[in-house]
file target-v2.pdb (PDB, C-alpha atoms and all ligand atoms)
ATOM      1  CA  MET A   1    -115.454 229.594  23.710
ATOM      2  CA  LYS A   2    -119.152 228.694  23.292
ATOM      3  CA  LYS A   3    -121.689 228.747  26.106
ATOM      4  CA  ILE A   4    -124.758 226.595  26.745
ATOM      5  CA  LEU A   5    -127.374 227.770  29.219
ATOM      6  CA  PHE A   6    -129.189 224.933  31.004
ATOM      7  CA  THR A   7    -132.368 225.483  32.990
ATOM      8  CA  GLY A   8    -134.003 223.058  35.460
ATOM      9  CA  PHE A   9    -137.296 223.241  37.362
ATOM     10  CA  GLU A  10    -138.291 223.429  41.011
ATOM     11  CA  PRO A  11    -140.314 220.488  42.434
ATOM     12  CA  PHE A  12    -144.037 220.283  41.679
ATOM     13  CA  GLY A  13    -147.007 217.972  42.132
ATOM     14  CA  GLY A  14    -146.115 217.018  45.703
ATOM     15  CA  ASP A  15    -142.533 215.923  44.995
ATOM     16  CA  GLN A  16    -139.735 217.174  47.249
ATOM     17  CA  THR A  17    -137.171 217.353  44.457
ATOM     18  CA  ASN A  18    -137.040 217.743  40.692
ATOM     19  CA  PRO A  19    -134.345 215.672  38.952
ATOM     20  CA  SER A  20    -134.144 218.230  36.140
ATOM     21  CA  TRP A  21    -132.586 220.856  38.402
ATOM     22  CA  GLU A  22    -130.620 218.300  40.454
ATOM     23  CA  ALA A  23    -129.025 216.871  37.304
ATOM     24  CA  VAL A  24    -128.315 220.341  35.868
ATOM     25  CA  CYS A  25    -126.578 221.205  39.174
ATOM     26  CA  MET A  26    -124.332 218.150  38.765
ATOM     27  CA  LEU A  27    -122.968 219.390  35.412
ATOM     28  CA  PRO A  28    -119.443 220.822  35.570
ATOM     29  CA  ALA A  29    -118.891 224.513  34.758
ATOM     30  CA  GLN A  30    -117.117 223.463  31.569
ATOM     31  CA  ILE A  31    -117.561 220.453  29.259
ATOM     32  CA  GLY A  32    -114.727 220.246  26.725
ATOM     33  CA  GLU A  33    -114.539 223.729  25.229
ATOM     34  CA  ILE A  34    -118.102 224.615  26.259
ATOM     35  CA  HIS A  35    -119.003 226.844  29.208
ATOM     36  CA  ILE A  36    -122.103 225.713  31.094
ATOM     37  CA  ALA A  37    -124.448 228.260  32.725
ATOM     38  CA  LYS A  38    -127.376 227.167  34.910
ATOM     39  CA  ARG A  39    -130.682 228.725  35.965
ATOM     40  CA  HIS A  40    -133.466 227.500  38.250
ATOM     41  CA  MET A  41    -137.037 227.935  36.987
ATOM     42  CA  PRO A  42    -140.386 228.025  38.802
ATOM     43  CA  VAL A  43    -143.147 225.675  37.642
ATOM     44  CA  GLU A  44    -145.346 228.617  36.586
ATOM     45  CA  TYR A  45    -146.847 229.167  33.149
ATOM     46  CA  ASP A  46    -146.760 232.930  33.563
ATOM     47  CA  GLY A  47    -143.360 233.308  35.220
ATOM     48  CA  VAL A  48    -141.005 231.424  32.946
ATOM     49  CA  ALA A  49    -140.909 233.634  29.850
ATOM     50  CA  SER A  50    -139.488 236.735  31.556
ATOM     51  CA  LEU A  51    -137.011 234.706  33.655
ATOM     52  CA  LEU A  52    -135.799 232.929  30.536
ATOM     53  CA  GLU A  53    -135.411 236.201  28.666
ATOM     54  CA  GLN A  54    -133.516 237.726  31.593
ATOM     55  CA  ALA A  55    -131.181 234.701  31.765
ATOM     56  CA  ILE A  56    -130.466 234.875  28.016
ATOM     57  CA  HIS A  57    -129.877 238.625  28.279
ATOM     58  CA  GLU A  58    -127.406 238.124  31.145
ATOM     59  CA  GLU A  59    -125.597 234.989  29.954
ATOM     60  CA  HIS A  60    -125.336 235.561  26.181
ATOM     61  CA  PRO A  61    -125.453 231.789  25.479
ATOM     62  CA  ASP A  62    -124.941 230.178  22.061
ATOM     63  CA  ALA A  63    -127.572 227.553  22.911
ATOM     64  CA  VAL A  64    -130.248 227.085  25.557
ATOM     65  CA  ILE A  65    -131.373 223.667  26.775
ATOM     66  CA  CYS A  66    -134.312 223.656  29.177
ATOM     67  CA  VAL A  67    -134.772 220.473  31.222
ATOM     68  CA  GLY A  68    -137.840 219.145  33.037
ATOM     69  CA  GLN A  69    -139.190 216.024  34.713
ATOM     70  CA  ALA A  70    -141.504 213.587  32.944
ATOM     71  CA  GLY A  71    -142.274 211.168  35.766
ATOM     72  CA  ASN A  72    -143.972 208.518  33.654
ATOM     73  CA  ARG A  73    -141.056 208.064  31.248
ATOM     74  CA  SER A  74    -138.306 205.483  31.608
ATOM     75  CA  VAL A  75    -135.630 207.117  29.431
ATOM     76  CA  ILE A  76    -134.321 210.618  28.734
ATOM     77  CA  THR A  77    -136.364 212.232  25.974
ATOM     78  CA  PRO A  78    -135.202 215.241  23.962
ATOM     79  CA  GLU A  79    -138.328 216.932  22.611
ATOM     80  CA  LEU A  80    -138.812 217.516  18.882
ATOM     81  CA  VAL A  81    -141.605 220.093  19.083
ATOM     82  CA  ALA A  82    -143.384 222.630  21.301
ATOM     83  CA  ILE A  83    -147.059 223.442  20.649
ATOM     84  CA  ASN A  84    -148.889 226.741  21.189
ATOM     85  CA  ALA A  85    -151.184 225.381  23.915
ATOM     86  CA  LYS A  86    -151.542 225.423  27.689
ATOM     87  CA  ASP A  87    -153.784 222.575  28.751
ATOM     88  CA  ALA A  88    -153.432 220.459  31.877
ATOM     89  CA  PRO A  89    -155.832 219.154  34.519
ATOM     90  CA  VAL A  90    -153.535 220.270  37.366
ATOM     91  CA  PRO A  91    -152.602 223.836  38.336
ATOM     92  CA  ASP A  92    -149.020 225.103  38.268
ATOM     93  CA  ASN A  93    -147.127 226.018  41.463
ATOM     94  CA  ALA A  94    -148.798 229.463  41.471
ATOM     95  CA  GLY A  95    -152.239 227.797  41.443
ATOM     96  CA  VAL A  96    -152.909 228.776  37.827
ATOM     97  CA  SER A  97    -154.525 226.326  35.391
ATOM     98  CA  TYR A  98    -155.360 226.526  31.720
ATOM     99  CA  THR A  99    -157.664 224.524  29.496
ATOM    100  CA  GLY A 100    -156.762 224.781  25.840
ATOM    101  CA  ASP A 101    -155.437 228.357  25.929
ATOM    102  CA  PRO A 102    -152.732 229.493  23.493
ATOM    103  CA  ILE A 103    -149.302 230.402  24.889
ATOM    104  CA  ARG A 104    -149.182 233.374  22.470
ATOM    105  CA  ALA A 105    -152.521 234.248  20.869
ATOM    106  CA  ASP A 106    -151.035 235.249  17.526
ATOM    107  CA  GLY A 107    -148.060 232.876  17.682
ATOM    108  CA  PRO A 108    -147.385 229.984  15.296
ATOM    109  CA  ALA A 109    -149.011 226.634  16.094
ATOM    110  CA  ALA A 110    -145.700 224.978  16.896
ATOM    111  CA  TYR A 111    -141.922 225.294  16.860
ATOM    112  CA  PHE A 112    -139.362 222.570  16.205
ATOM    113  CA  ALA A 113    -136.296 222.395  18.461
ATOM    114  CA  THR A 114    -133.250 223.930  16.787
ATOM    115  CA  ILE A 115    -130.714 221.772  18.653
ATOM    116  CA  PRO A 116    -129.834 218.486  16.872
ATOM    117  CA  VAL A 117    -132.253 216.222  18.783
ATOM    118  CA  ARG A 118    -131.570 213.038  16.819
ATOM    119  CA  ASP A 119    -127.792 213.373  17.255
ATOM    120  CA  ILE A 120    -128.344 214.040  20.968
ATOM    121  CA  VAL A 121    -130.336 210.799  21.345
ATOM    122  CA  ALA A 122    -127.643 208.856  19.452
ATOM    123  CA  ASP A 123    -124.811 210.361  21.528
ATOM    124  CA  MET A 124    -126.634 209.744  24.821
ATOM    125  CA  LYS A 125    -127.032 206.084  23.875
ATOM    126  CA  LYS A 126    -123.352 205.898  22.840
ATOM    127  CA  ALA A 127    -122.521 207.187  26.332
ATOM    128  CA  GLY A 128    -124.608 204.354  27.823
ATOM    129  CA  VAL A 129    -127.593 206.531  28.763
ATOM    130  CA  PRO A 130    -131.061 205.292  27.704
ATOM    131  CA  ALA A 131    -132.730 207.899  25.493
ATOM    132  CA  SER A 132    -135.310 208.286  22.753
ATOM    133  CA  LEU A 133    -136.810 211.125  20.758
ATOM    134  CA  SER A 134    -140.159 212.439  22.021
ATOM    135  CA  TYR A 135    -142.763 213.945  19.729
ATOM    136  CA  SER A 136    -144.750 215.659  22.494
ATOM    137  CA  ALA A 137    -143.659 217.726  25.479
ATOM    138  CA  GLY A 138    -147.270 217.701  26.726
ATOM    139  CA  ALA A 139    -149.159 220.963  27.302
ATOM    140  CA  TYR A 140    -148.095 221.829  30.863
ATOM    141  CA  VAL A 141    -145.253 224.127  31.976
ATOM    142  CA  CYS A 142    -142.436 222.222  30.195
ATOM    143  CA  ASN A 143    -144.080 222.613  26.793
ATOM    144  CA  CYS A 144    -144.782 226.231  27.760
ATOM    145  CA  ILE A 145    -141.123 227.074  28.528
ATOM    146  CA  MET A 146    -140.002 225.271  25.347
ATOM    147  CA  TYR A 147    -142.491 227.260  23.246
ATOM    148  CA  HIS A 148    -141.503 230.557  24.913
ATOM    149  CA  LEU A 149    -137.819 229.736  24.384
ATOM    150  CA  LEU A 150    -138.172 228.925  20.686
ATOM    151  CA  ASP A 151    -140.529 231.886  20.131
ATOM    152  CA  LEU A 152    -138.062 234.259  21.806
ATOM    153  CA  LEU A 153    -135.104 232.868  19.872
ATOM    154  CA  ASN A 154    -137.043 233.037  16.605
ATOM    155  CA  LEU A 155    -138.112 236.646  17.155
ATOM    156  CA  ARG A 156    -135.135 238.175  18.980
ATOM    157  CA  TYR A 157    -132.102 235.863  19.003
ATOM    158  CA  PRO A 158    -132.114 233.837  15.753
ATOM    159  CA  GLN A 159    -128.415 232.978  16.172
ATOM    160  CA  ILE A 160    -129.068 231.063  19.440
ATOM    161  CA  LYS A 161    -130.105 227.381  19.256
ATOM    162  CA  GLY A 162    -132.710 226.022  21.650
ATOM    163  CA  GLY A 163    -134.479 222.901  22.814
ATOM    164  CA  PHE A 164    -135.919 220.947  25.696
ATOM    165  CA  ILE A 165    -135.079 217.612  27.358
ATOM    166  CA  HIS A 166    -137.445 215.648  29.620
ATOM    167  CA  VAL A 167    -135.865 213.374  32.236
ATOM    168  CA  PRO A 168    -137.442 210.534  34.255
ATOM    169  CA  TYR A 169    -137.794 210.485  38.038
ATOM    170  CA  SER A 170    -134.556 209.983  39.951
ATOM    171  CA  CYS A 171    -134.219 206.695  41.874
ATOM    172  CA  GLU A 172    -134.126 208.699  45.141
ATOM    173  CA  GLN A 173    -137.482 210.299  44.309
ATOM    174  CA  VAL A 174    -139.185 206.974  43.696
ATOM    175  CA  CYS A 175    -137.649 205.525  46.885
ATOM    176  CA  ALA A 176    -138.954 208.485  48.915
ATOM    177  CA  HIS A 177    -142.569 207.620  48.133
ATOM    178  CA  PRO A 178    -143.139 203.985  47.140
ATOM    179  CA  SER A 179    -144.206 203.948  43.519
ATOM    180  CA  SER A 180    -143.959 201.701  40.515
ATOM    181  CA  ALA A 181    -142.866 204.626  38.339
ATOM    182  CA  PRO A 182    -139.713 204.161  36.261
ATOM    183  CA  SER A 183    -136.586 206.034  37.341
ATOM    184  CA  LEU A 184    -132.903 206.563  36.521
ATOM    185  CA  PRO A 185    -129.944 207.323  38.827
ATOM    186  CA  LEU A 186    -129.296 211.078  38.978
ATOM    187  CA  GLU A 187    -125.679 210.472  37.924
ATOM    188  CA  LEU A 188    -126.908 208.810  34.722
ATOM    189  CA  ILE A 189    -129.341 211.655  34.031
ATOM    190  CA  ALA A 190    -126.489 214.153  34.493
ATOM    191  CA  LYS A 191    -124.296 212.026  32.190
ATOM    192  CA  GLY A 192    -127.032 212.216  29.556
ATOM    193  CA  LEU A 193    -127.233 216.004  29.860
ATOM    194  CA  ALA A 194    -123.440 216.245  29.601
ATOM    195  CA  ALA A 195    -123.590 214.150  26.411
ATOM    196  CA  ALA A 196    -126.250 216.534  25.065
ATOM    197  CA  ALA A 197    -124.032 219.521  25.869
ATOM    198  CA  ALA A 198    -121.128 217.935  23.975
ATOM    199  CA  THR A 199    -123.346 217.185  20.957
ATOM    200  CA  VAL A 200    -124.760 220.693  20.881
ATOM    201  CA  GLY A 201    -121.284 222.173  21.459
ATOM    202  CA  ASN A 202    -119.916 220.238  18.467
ATOM    203  CA  SER A 203    -122.807 221.348  16.294
ATOM    204  CA  LEU A 204    -122.139 224.992  17.239
ATOM    205  CA  CYS A 205    -118.454 224.666  16.415
ATOM    206  CA  THR A 206    -118.992 223.035  13.012
ATOM    207  CA  GLU A 207    -121.570 225.562  11.797
TER     208      GLU A 207
HETATM  209  N1  LIG B 301    -142.130 218.910  34.455
HETATM  210  C1  LIG B 301    -143.414 219.489  34.139
HETATM  211  C2  LIG B 301    -143.293 220.942  34.525
HETATM  212  C3  LIG B 301    -142.059 221.049  35.351
HETATM  213  C4  LIG B 301    -141.364 219.769  35.173
HETATM  214  O1  LIG B 301    -140.241 219.496  35.636
HETATM  215  C5  LIG B 301    -143.854 219.239  32.696
HETATM  216  O2  LIG B 301    -143.478 218.200  32.115
HETATM  217  O3  LIG B 301    -144.571 220.053  32.117
END

call {"tool": "encode", "arguments": {"input": "target-v2.pdb", "output": "C-alpha cells"}}
result
Amino acid sequence: MKKILFTGFEPFGGDQTNPSWEAVCMLPAQIGEIHIAKRHMPVEYDGVASLLEQAIHEEHPDAVICVGQAGNRSVITPELVAINAKDAPVPDNAGVSYTGDPIRADGPAAYFATIPVRDIVADMKKAGVPASLSYSAGAYVCNCIMYHLLDLLNLRYPQIKGGFIHVPYSCEQVCAHPSSAPSLPLELIAKGLAAAAATVGNSLCTE
C-alpha cells in the first residue's frame, strides 16, 4: 500500500481560515489503495523545513503534496517549479520578512515538481474541478516549503515524489469579509486534491 503525505497551512494575512488545511482535512484516510497522511504547517519561512523533514521521517510517505492558498486565483493550480528565493512585501506569521534572499545559499536555482503535474491538471478537470498548471508559486512561504521539500527529497529521499498545489479562497472565506476575489466551494477543492492523490497514486503504482 502506498502513502501520500498532504500538508496544509494555518491562516495568514488576516484570514480566519486557510482552505488548504480545511480541504486537506476533508480528505478520507484512504483513497483507492492509497493511504493519506496529513500535517498542519505554520506560515513561517524558517519553521517549515524541519517540520516537513520530521513529518517525512515519521510517515515514510511515497509522495508528498504540500497545499497552500493563492487568494487571487480562480482555479486549483499545481505548481511546476519552486525557485531558490524568499521575497515578499509582507512578513510571515512569525513577523519575519525577506527581500530577495536565497532559501539555501548554495542550493540550485530551482527545482521542478516530481509529481505528474500535467496529468493532475487533466484528471482534476475530468473530475469536474477547474484547474490549470502554474509556472510560479511566488516567493513567499508556499514557494519556500515547495523548494525545501524538493531539496530534501533530492538530497535525502530520492525515491519520494513531491510537489505543491495552490488552491483559491473558499466561498466561506470570501463571504466572511466582502471581497470580489474568486473562490471555490471547499468540497470542490477537496475533490480536486482527491483527484490529485489518485493521479499520483497511479503514477507510483505504474513505476
Ligand atoms: N499561501 C501562502 C503561504 C501560506 C499559504 O497558504 C503562499 O502562497 O505563499

call {"tool": "resolve_selection", "arguments": {"input": "target-v2.pdb", "expression": "the PyMOL selection byres (((chain A and resi 115) around 7) and not hetatm)", "output": "PyMOL selection string"}}
result
chain A and resi 113-114+116-117+161-163+200

call {"tool": "write_last_selection", "arguments": {"input": "target-v2.pdb", "atoms": "C-alpha atoms", "output": "PDB file, in the frame of the given file"}}
result
ATOM      1  CA  ALA A 113    -136.296 222.395  18.461  1.00  0.00           C
ATOM      2  CA  THR A 114    -133.250 223.930  16.787  1.00  0.00           C
ATOM      3  CA  PRO A 116    -129.834 218.486  16.872  1.00  0.00           C
ATOM      4  CA  VAL A 117    -132.253 216.222  18.783  1.00  0.00           C
ATOM      5  CA  LYS A 161    -130.105 227.381  19.256  1.00  0.00           C
ATOM      6  CA  GLY A 162    -132.710 226.022  21.650  1.00  0.00           C
ATOM      7  CA  GLY A 163    -134.479 222.901  22.814  1.00  0.00           C
ATOM      8  CA  VAL A 200    -124.760 220.693  20.881  1.00  0.00           C
TER       9      VAL A 200
END

call {"tool": "residues_around", "arguments": {"input": "target-v2.pdb", "residues": "region 50-54 of chain A", "least_positions_apart": "2", "cutoff": "8 Å", "atoms": "all atoms listed in the file", "output": "PyMOL selection string"}}
result
chain A and resi 41+47-48+56-58+149+152

call {"tool": "axis_aligned_box", "arguments": {"input": "target-v2.pdb", "around": "region 197-205 of chain A", "padding_each_side": "5 Å", "output": "lines of an AutoDock Vina configuration file"}}
result
center_x = -121.6
center_y = 221.1
center_z = 21.1
size_x = 16.3
size_y = 17.8
size_z = 19.6

call {"tool": "closest_residue", "arguments": {"input": "target-v2.pdb", "among": "A:Ala110, A:Lys191, A:Glu22, A:Ile36", "to": "Asn154 (chain A)", "atoms": "all atoms listed in the file"}}
result
A:Ala110

call {"tool": "closest_atom_pairs", "arguments": {"input": "target-v2.pdb", "of": "chain A", "to": "ligand LIG 301 (chain B)", "cutoff": "6 Å", "atoms": "all atoms listed in the file", "output": "tab-separated table"}}
result
residue	atom	partner	partner_atom	distance
A:Phe9	CA	B:LIG301	O1	5.1
A:Val43	CA	B:LIG301	C3	5.3
A:Gly68	CA	B:LIG301	O1	3.6
A:Gln69	CA	B:LIG301	O1	3.7
A:Ala70	CA	B:LIG301	O2	5.1
A:Tyr140	CA	B:LIG301	O3	4.1
A:Val141	CA	B:LIG301	O3	4.1
A:Cys142	CA	B:LIG301	O3	3.6
A:Asn143	CA	B:LIG301	O3	5.9

call {"tool": "residues_near_point", "arguments": {"input": "target-v2.pdb", "point": "(-129.8, 207.6, 30.2)", "cutoff": "8 Å", "atoms": "only C-alpha atoms", "output": "list of chain:residue names"}}
result
A:Val75, A:Ile76, A:Met124, A:Lys125, A:Gly128, A:Val129, A:Pro130, A:Ala131, A:Leu184, A:Leu188, A:Ile189, A:Lys191, A:Gly192

call {"tool": "resolve_selection", "arguments": {"input": "target-v2.pdb", "expression": "the PyMOL selection byres (((chain A and resi 185-187) around 10) and not hetatm)", "output": "list in words"}}
result
Pro19, Ser20, Glu22, Ala23, Val24, Met26, Leu27, Val167, Pro168, Tyr169, Ser170, Cys171, Glu172, Gln173, Ser183, Leu184, Leu188, Ile189, Ala190, Lys191, Gly192 and Leu193 of chain A

call {"tool": "closest_residue", "arguments": {"input": "target-v2.pdb", "among": "A:Thr77, A:Gln16, A:Asn93, A:Asn84", "to": "Ala105 (chain A)", "atoms": "all atoms listed in the file"}}
result
A:Asn84

call {"tool": "atom_distance", "arguments": {"input": "target-v2.pdb", "atom1": "CA of Glu59 (chain A)", "atom2": "CA of Ile160 (chain A)"}}
result
11.7 Å

call {"tool": "residues_around", "arguments": {"input": "target-v2.pdb", "residues": "Leu5 (chain A)", "least_positions_apart": "5", "cutoff": "9 Å", "atoms": "all atoms listed in the file", "output": "MDAnalysis selection string"}}
result
chainID A and resid 35:39 55:56 59:66

call {"tool": "write_last_selection", "arguments": {"input": "target-v2.pdb", "atoms": "C-alpha atoms", "output": "compact mmCIF listing (two decimals), keeping the file's coordinate frame"}}
result
# COMPACT_ATOMS: atom_id res chain seq x y z
CA HIS A 35 -119.00 226.84 29.21
CA ILE A 36 -122.10 225.71 31.09
CA ALA A 37 -124.45 228.26 32.72
CA LYS A 38 -127.38 227.17 34.91
CA ARG A 39 -130.68 228.72 35.97
CA ALA A 55 -131.18 234.70 31.76
CA ILE A 56 -130.47 234.88 28.02
CA GLU A 59 -125.60 234.99 29.95
CA HIS A 60 -125.34 235.56 26.18
CA PRO A 61 -125.45 231.79 25.48
CA ASP A 62 -124.94 230.18 22.06
CA ALA A 63 -127.57 227.55 22.91
CA VAL A 64 -130.25 227.08 25.56
CA ILE A 65 -131.37 223.67 26.78
CA CYS A 66 -134.31 223.66 29.18

call {"tool": "decode", "arguments": {"input": "target-v2.pdb", "residues": "region 52-63 of chain A", "atoms": "all heavy atoms", "output": "PDB file, in the first residue's frame"}}
result
ATOM      1  N   LEU A  52       8.621  19.643   8.059  1.00  0.00           N
ATOM      2  CA  LEU A  52       8.433  18.790   6.888  1.00  0.00           C
ATOM      3  C   LEU A  52       9.323  17.546   6.988  1.00  0.00           C
ATOM      4  O   LEU A  52       8.875  16.421   6.763  1.00  0.00           O
ATOM      5  CB  LEU A  52       8.807  19.605   5.650  1.00  0.00           C
ATOM      6  CG  LEU A  52       8.280  19.205   4.298  1.00  0.00           C
ATOM      7  CD1 LEU A  52       6.776  19.057   4.307  1.00  0.00           C
ATOM      8  CD2 LEU A  52       8.684  20.274   3.271  1.00  0.00           C
ATOM      9  N   GLU A  53      10.567  17.779   7.373  1.00  0.00           N
ATOM     10  CA  GLU A  53      11.511  16.667   7.499  1.00  0.00           C
ATOM     11  C   GLU A  53      11.043  15.684   8.568  1.00  0.00           C
ATOM     12  O   GLU A  53      11.084  14.464   8.377  1.00  0.00           O
ATOM     13  CB  GLU A  53      12.906  17.209   7.830  1.00  0.00           C
ATOM     14  CG  GLU A  53      13.948  16.131   7.837  1.00  0.00           C
ATOM     15  CD  GLU A  53      15.362  16.662   7.638  1.00  0.00           C
ATOM     16  OE1 GLU A  53      15.557  17.891   7.706  1.00  0.00           O
ATOM     17  OE2 GLU A  53      16.246  15.822   7.425  1.00  0.00           O
ATOM     18  N   GLN A  54      10.561  16.231   9.687  1.00  0.00           N
ATOM     19  CA  GLN A  54      10.063  15.395  10.781  1.00  0.00           C
ATOM     20  C   GLN A  54       8.858  14.562  10.306  1.00  0.00           C
ATOM     21  O   GLN A  54       8.759  13.365  10.575  1.00  0.00           O
ATOM     22  CB  GLN A  54       9.642  16.295  11.935  1.00  0.00           C
ATOM     23  CG  GLN A  54       9.299  15.566  13.216  1.00  0.00           C
ATOM     24  CD  GLN A  54       8.757  16.531  14.259  1.00  0.00           C
ATOM     25  OE1 GLN A  54       9.057  17.732  14.244  1.00  0.00           O
ATOM     26  NE2 GLN A  54       7.938  16.022  15.153  1.00  0.00           N
ATOM     27  N   ALA A  55       7.957  15.198   9.564  1.00  0.00           N
ATOM     28  CA  ALA A  55       6.759  14.501   9.074  1.00  0.00           C
ATOM     29  C   ALA A  55       7.152  13.373   8.121  1.00  0.00           C
ATOM     30  O   ALA A  55       6.599  12.264   8.188  1.00  0.00           O
ATOM     31  CB  ALA A  55       5.830  15.496   8.379  1.00  0.00           C
ATOM     32  N   ILE A  56       8.115  13.631   7.239  1.00  0.00           N
ATOM     33  CA  ILE A  56       8.560  12.609   6.286  1.00  0.00           C
ATOM     34  C   ILE A  56       9.228  11.459   7.032  1.00  0.00           C
ATOM     35  O   ILE A  56       9.002  10.278   6.745  1.00  0.00           O
ATOM     36  CB  ILE A  56       9.498  13.232   5.225  1.00  0.00           C
ATOM     37  CG1 ILE A  56       8.692  14.166   4.317  1.00  0.00           C
ATOM     38  CG2 ILE A  56      10.214  12.156   4.413  1.00  0.00           C
ATOM     39  CD1 ILE A  56       9.522  15.023   3.397  1.00  0.00           C
ATOM     40  N   HIS A  57      10.025  11.824   8.044  1.00  0.00           N
ATOM     41  CA  HIS A  57      10.717  10.821   8.861  1.00  0.00           C
ATOM     42  C   HIS A  57       9.699   9.920   9.573  1.00  0.00           C
ATOM     43  O   HIS A  57       9.875   8.709   9.655  1.00  0.00           O
ATOM     44  CB  HIS A  57      11.595  11.557   9.869  1.00  0.00           C
ATOM     45  CG  HIS A  57      12.417  10.654  10.716  1.00  0.00           C
ATOM     46  ND1 HIS A  57      13.463   9.913  10.217  1.00  0.00           N
ATOM     47  CD2 HIS A  57      12.334  10.352  12.035  1.00  0.00           C
ATOM     48  CE1 HIS A  57      13.994   9.203  11.187  1.00  0.00           C
ATOM     49  NE2 HIS A  57      13.320   9.440  12.308  1.00  0.00           N
ATOM     50  N   GLU A  58       8.619  10.524  10.068  1.00  0.00           N
ATOM     51  CA  GLU A  58       7.628   9.760  10.838  1.00  0.00           C
ATOM     52  C   GLU A  58       6.663   8.961   9.945  1.00  0.00           C
ATOM     53  O   GLU A  58       6.247   7.878  10.294  1.00  0.00           O
ATOM     54  CB  GLU A  58       6.812  10.703  11.723  1.00  0.00           C
ATOM     55  CG  GLU A  58       7.620  11.245  12.884  1.00  0.00           C
ATOM     56  CD  GLU A  58       6.918  12.378  13.630  1.00  0.00           C
ATOM     57  OE1 GLU A  58       5.747  12.676  13.323  1.00  0.00           O
ATOM     58  OE2 GLU A  58       7.554  12.960  14.506  1.00  0.00           O
ATOM     59  N   GLU A  59       6.306   9.535   8.810  1.00  0.00           N
ATOM     60  CA  GLU A  59       5.239   8.928   7.988  1.00  0.00           C
ATOM     61  C   GLU A  59       5.734   7.989   6.896  1.00  0.00           C
ATOM     62  O   GLU A  59       4.974   7.189   6.364  1.00  0.00           O
ATOM     63  CB  GLU A  59       4.379  10.027   7.331  1.00  0.00           C
ATOM     64  CG  GLU A  59       3.603  10.911   8.305  1.00  0.00           C
ATOM     65  CD  GLU A  59       2.422  10.177   8.928  1.00  0.00           C
ATOM     66  OE1 GLU A  59       2.106   9.045   8.498  1.00  0.00           O
ATOM     67  OE2 GLU A  59       1.822  10.725   9.848  1.00  0.00           O
ATOM     68  N   HIS A  60       6.994   8.106   6.510  1.00  0.00           N
ATOM     69  CA  HIS A  60       7.547   7.282   5.420  1.00  0.00           C
ATOM     70  C   HIS A  60       6.641   7.302   4.185  1.00  0.00           C
ATOM     71  O   HIS A  60       6.226   6.234   3.683  1.00  0.00           O
ATOM     72  CB  HIS A  60       7.734   5.831   5.872  1.00  0.00           C
ATOM     73  CG  HIS A  60       8.680   5.693   7.020  1.00  0.00           C
ATOM     74  ND1 HIS A  60      10.031   5.890   6.908  1.00  0.00           N
ATOM     75  CD2 HIS A  60       8.447   5.410   8.320  1.00  0.00           C
ATOM     76  CE1 HIS A  60      10.602   5.731   8.078  1.00  0.00           C
ATOM     77  NE2 HIS A  60       9.662   5.445   8.965  1.00  0.00           N
ATOM     78  N   PRO A  61       6.288   8.485   3.661  1.00  0.00           N
ATOM     79  CA  PRO A  61       5.385   8.524   2.501  1.00  0.00           C
ATOM     80  C   PRO A  61       6.118   8.142   1.203  1.00  0.00           C
ATOM     81  O   PRO A  61       7.346   8.183   1.142  1.00  0.00           O
ATOM     82  CB  PRO A  61       4.963   9.997   2.452  1.00  0.00           C
ATOM     83  CG  PRO A  61       6.156  10.729   2.991  1.00  0.00           C
ATOM     84  CD  PRO A  61       6.750   9.828   4.045  1.00  0.00           C
ATOM     85  N   ASP A  62       5.323   7.790   0.187  1.00  0.00           N
ATOM     86  CA  ASP A  62       5.876   7.563  -1.156  1.00  0.00           C
ATOM     87  C   ASP A  62       5.843   8.850  -1.971  1.00  0.00           C
ATOM     88  O   ASP A  62       6.544   8.984  -2.972  1.00  0.00           O
ATOM     89  CB  ASP A  62       5.067   6.476  -1.866  1.00  0.00           C
ATOM     90  CG  ASP A  62       5.151   5.166  -1.106  1.00  0.00           C
ATOM     91  OD1 ASP A  62       6.200   4.526  -1.185  1.00  0.00           O
ATOM     92  OD2 ASP A  62       4.187   4.831  -0.393  1.00  0.00           O
ATOM     93  N   ALA A  63       4.953   9.769  -1.560  1.00  0.00           N
ATOM     94  CA  ALA A  63       4.879  11.088  -2.211  1.00  0.00           C
ATOM     95  C   ALA A  63       4.414  12.108  -1.180  1.00  0.00           C
ATOM     96  O   ALA A  63       3.714  11.765  -0.228  1.00  0.00           O
ATOM     97  CB  ALA A  63       3.910  11.053  -3.390  1.00  0.00           C
TER      98      ALA A  63
END
